[in-house]
Amino acid sequence: MKTNIVTIAAALTVALIAGCGGSGSTPATTTALSGNVADGYLVGATVFLDKNVNYQLDAGEPTTVTGENGAYTLNVDPADVGKYPIVAMAIQGQTIDMDSPDVTVASSYILCLPARAVSGTVNSNFISPMSTLIREKLEANPDMTLTEAMTQLRTQMNLAAATDMMGDYVAGSGQGMMNAAQYQAMHTIAQQMAGIMAGQSALVMNGTAVNQNHYRSMMGMINRDMSVITANATDSTFMTGMRNQMQTQLRNMQMNGGFANYSGMFRNMTSHSNL
């Protein structure tokens with residue numbers, strides 16, 4: 001009986017110690033999700049794990065701000081890795097696009113990384129206009145694989161098969177890098193895609209709030225016209241006309257009512273040949 005009392009007392013002591021240690025002094029285990037954000041590298045962009053899947057930062061969602069070279073790290077619950085997309089918001093008057101480092105961006109816009117591409121591997125989570133469009137392809141075609149979505153976009157952009165559509169094209173376009181010309185082309189096209197997104201900011205965003213119906217319809221239009229955007233990426237007059245045409249289409253859409261039916265702008269083109 002004496003032994004039992006000692007055993008119970010010892011167990012209570014261990015329980016009390018454990019209880020004190022679990023009150024916040026010991027942080028929960030997290031996984032670091034790190035990467036970069038770009039059309040050119042975006043410094044001062046807000047990045048968050050979009051657990052509500054609504055393209056905007058809500059209470060309780062892990063968040064951070066990008067630093068040098070658009071770098072970010074999110075500390076998240078390990079169970080959430082690959083479950084939710086990561087969203088990056090370029091903010092008017094705050095974010096700097098290092099393609100034009102002397103000014104902040106004139107309009108806010110949203111970039112995304114699809115949940116299926118999110119990885120705990122160091123610096124693997126590159127967020128760009130390409131990853132954004134790939135996410136929307138997957139949203140519109142739930143049976144499509146990540147590989148199929150990347151292949152489809154590579155075909156639309158007429159890029160070589162070795163081009164990594166989720167890769168850091170800013171780093172990849174450096175002098176002496178393998179496939180540098182392909183990544184330079186990606187960078188140029190990404191600049192135009194970001195310009196289109198920013199050009200629709202007044203119709204898609206209200207501060208940091210996002211009209212999901214308009215946002216996803218905008219991305220559907222970009223996908224529909226991706227081959228044309230690619231072919232005219234260096235023609236500023238043409239791209240200005242395209243942005244104006246898109247504004248007209250978005251103005252004629254309803255402001256509310258949930259996600260638009262835009263599946264027709266995301267036809268499956270994975271059977272097309274690639275370079």
# chains A, B, ... in the order shown; residues from 1 in each chain; ligands from 1
>>> residues_around(residues="Tyr183 (chain A)", least_positions_apart="4", cutoff="6 Å", atoms="only C-alpha atoms", output="VMD selection string")
chain A and resid 169 172 to 173
>>> residues_around(residues="Thr30 (chain A)", least_positions_apart="3", cutoff="7 Å", atoms="only C-alpha atoms", output="VMD selection string")
chain A and resid 75 to 78
>>> closest_residue(among="A:Met197, A:Leu111, A:Ala117, A:Leu203", to="Thr145 (chain A)", atoms="only C-alpha atoms")
A:Ala117
>>> closest_residue(among="A:Met177, A:Ile222, A:Leu49, A:Met246", to="Gln200 (chain A)", atoms="only C-alpha atoms")
A:Met246
>>> residues_around(residues="Ser131 (chain A)", least_positions_apart="6", cutoff="7 Å", atoms="only C-alpha atoms", output="list of chain:residue names")
A:Cys112, A:Leu113, A:Pro114, A:Met166
>>> select_by_dssp(residues="region 56-166 of chain A", states="strand (DSSP E)", output="compact mmCIF listing (two decimals) with N, CA, C and O atoms, in the first residue's frame")
# COMPACT_ATOMS: atom_id res chain seq x y z
N THR A 63 0.99 33.86 -41.61
CA THR A 63 1.29 34.91 -42.57
C THR A 63 2.67 35.49 -42.32
O THR A 63 3.23 35.37 -41.22
N THR A 64 3.23 36.11 -43.34
CA THR A 64 4.52 36.78 -43.25
C THR A 64 4.60 37.81 -44.37
O THR A 64 3.67 37.95 -45.17
N VAL A 65 5.73 38.52 -44.43
CA VAL A 65 5.97 39.52 -45.49
C VAL A 65 7.28 39.17 -46.17
O VAL A 65 8.26 38.81 -45.51
N ALA A 71 11.85 36.59 -50.80
CA ALA A 71 11.89 35.38 -49.97
C ALA A 71 10.89 35.45 -48.82
O ALA A 71 10.63 36.52 -48.26
N TYR A 72 10.34 34.30 -48.48
CA TYR A 72 9.40 34.21 -47.37
C TYR A 72 9.53 32.85 -46.68
O TYR A 72 10.01 31.88 -47.27
N THR A 73 9.09 32.79 -45.43
CA THR A 73 8.97 31.53 -44.70
C THR A 73 7.69 31.58 -43.88
O THR A 73 7.47 32.53 -43.12
N LEU A 74 6.85 30.58 -44.04
CA LEU A 74 5.65 30.41 -43.23
C LEU A 74 5.84 29.21 -42.32
O LEU A 74 6.27 28.14 -42.77
N ASN A 75 5.53 29.36 -41.05
CA ASN A 75 5.57 28.25 -40.10
C ASN A 75 4.15 27.73 -39.90
O ASN A 75 3.29 28.44 -39.36
N VAL A 76 3.90 26.51 -40.35
CA VAL A 76 2.53 25.99 -40.38
C VAL A 76 2.44 24.63 -39.69
O VAL A 76 3.46 23.95 -39.48
N ILE A 86 -0.99 28.53 -50.99
CA ILE A 86 -0.33 29.71 -50.44
C ILE A 86 -0.66 30.88 -51.37
O ILE A 86 -0.62 30.75 -52.59
N VAL A 87 -1.01 32.01 -50.76
CA VAL A 87 -1.37 33.21 -51.52
C VAL A 87 -0.38 34.32 -51.21
O VAL A 87 0.04 34.48 -50.06
N ALA A 88 0.01 35.05 -52.23
CA ALA A 88 0.86 36.23 -52.06
C ALA A 88 0.11 37.43 -52.61
O ALA A 88 -0.45 37.38 -53.71
N MET A 89 0.08 38.50 -51.81
CA MET A 89 -0.63 39.71 -52.23
C MET A 89 0.38 40.85 -52.41
O MET A 89 1.03 41.27 -51.45
N ALA A 90 0.53 41.30 -53.63
CA ALA A 90 1.31 42.52 -53.91
C ALA A 90 0.43 43.70 -53.57
O ALA A 90 -0.69 43.81 -54.08
N ILE A 96 7.40 46.22 -53.57
CA ILE A 96 8.34 46.65 -54.62
C ILE A 96 8.62 45.47 -55.54
O ILE A 96 9.00 44.39 -55.07
N ASP A 97 8.40 45.66 -56.81
CA ASP A 97 8.78 44.68 -57.83
C ASP A 97 10.21 45.01 -58.23
O ASP A 97 10.48 46.10 -58.76
N TYR A 109 -2.45 43.14 -56.49
CA TYR A 109 -2.87 41.94 -57.21
C TYR A 109 -2.47 40.70 -56.44
O TYR A 109 -1.66 40.75 -55.51
N ILE A 110 -3.07 39.58 -56.82
CA ILE A 110 -2.93 38.31 -56.09
C ILE A 110 -2.18 37.29 -56.93
O ILE A 110 -2.46 37.11 -58.12
N LEU A 111 -1.23 36.58 -56.31
CA LEU A 111 -0.57 35.43 -56.90
C LEU A 111 -0.78 34.24 -55.97
O LEU A 111 -0.96 34.41 -54.76
N CYS A 112 -0.74 33.03 -56.51
CA CYS A 112 -1.03 31.83 -55.71
C CYS A 112 -0.08 30.68 -56.05
O CYS A 112 0.53 30.64 -57.13
N LEU A 113 -0.02 29.74 -55.11
CA LEU A 113 0.65 28.46 -55.33
C LEU A 113 -0.37 27.38 -55.00
O LEU A 113 -0.94 27.38 -53.90
>>> residues_around(residues="Arg154 (chain A)", least_positions_apart="4", cutoff="8 Å", atoms="only C-alpha atoms", output="VMD selection string")
chain A and resid 150 158 to 161 163 165 274
>>> select_by_dssp(residues="region 118-271 of chain A", states="helix (DSSP H, G or I)", output="ChimeraX atom specification")
/A:129-140,146-156,169-172,180-199,201-204,212-224,226-231,236-251,263-266
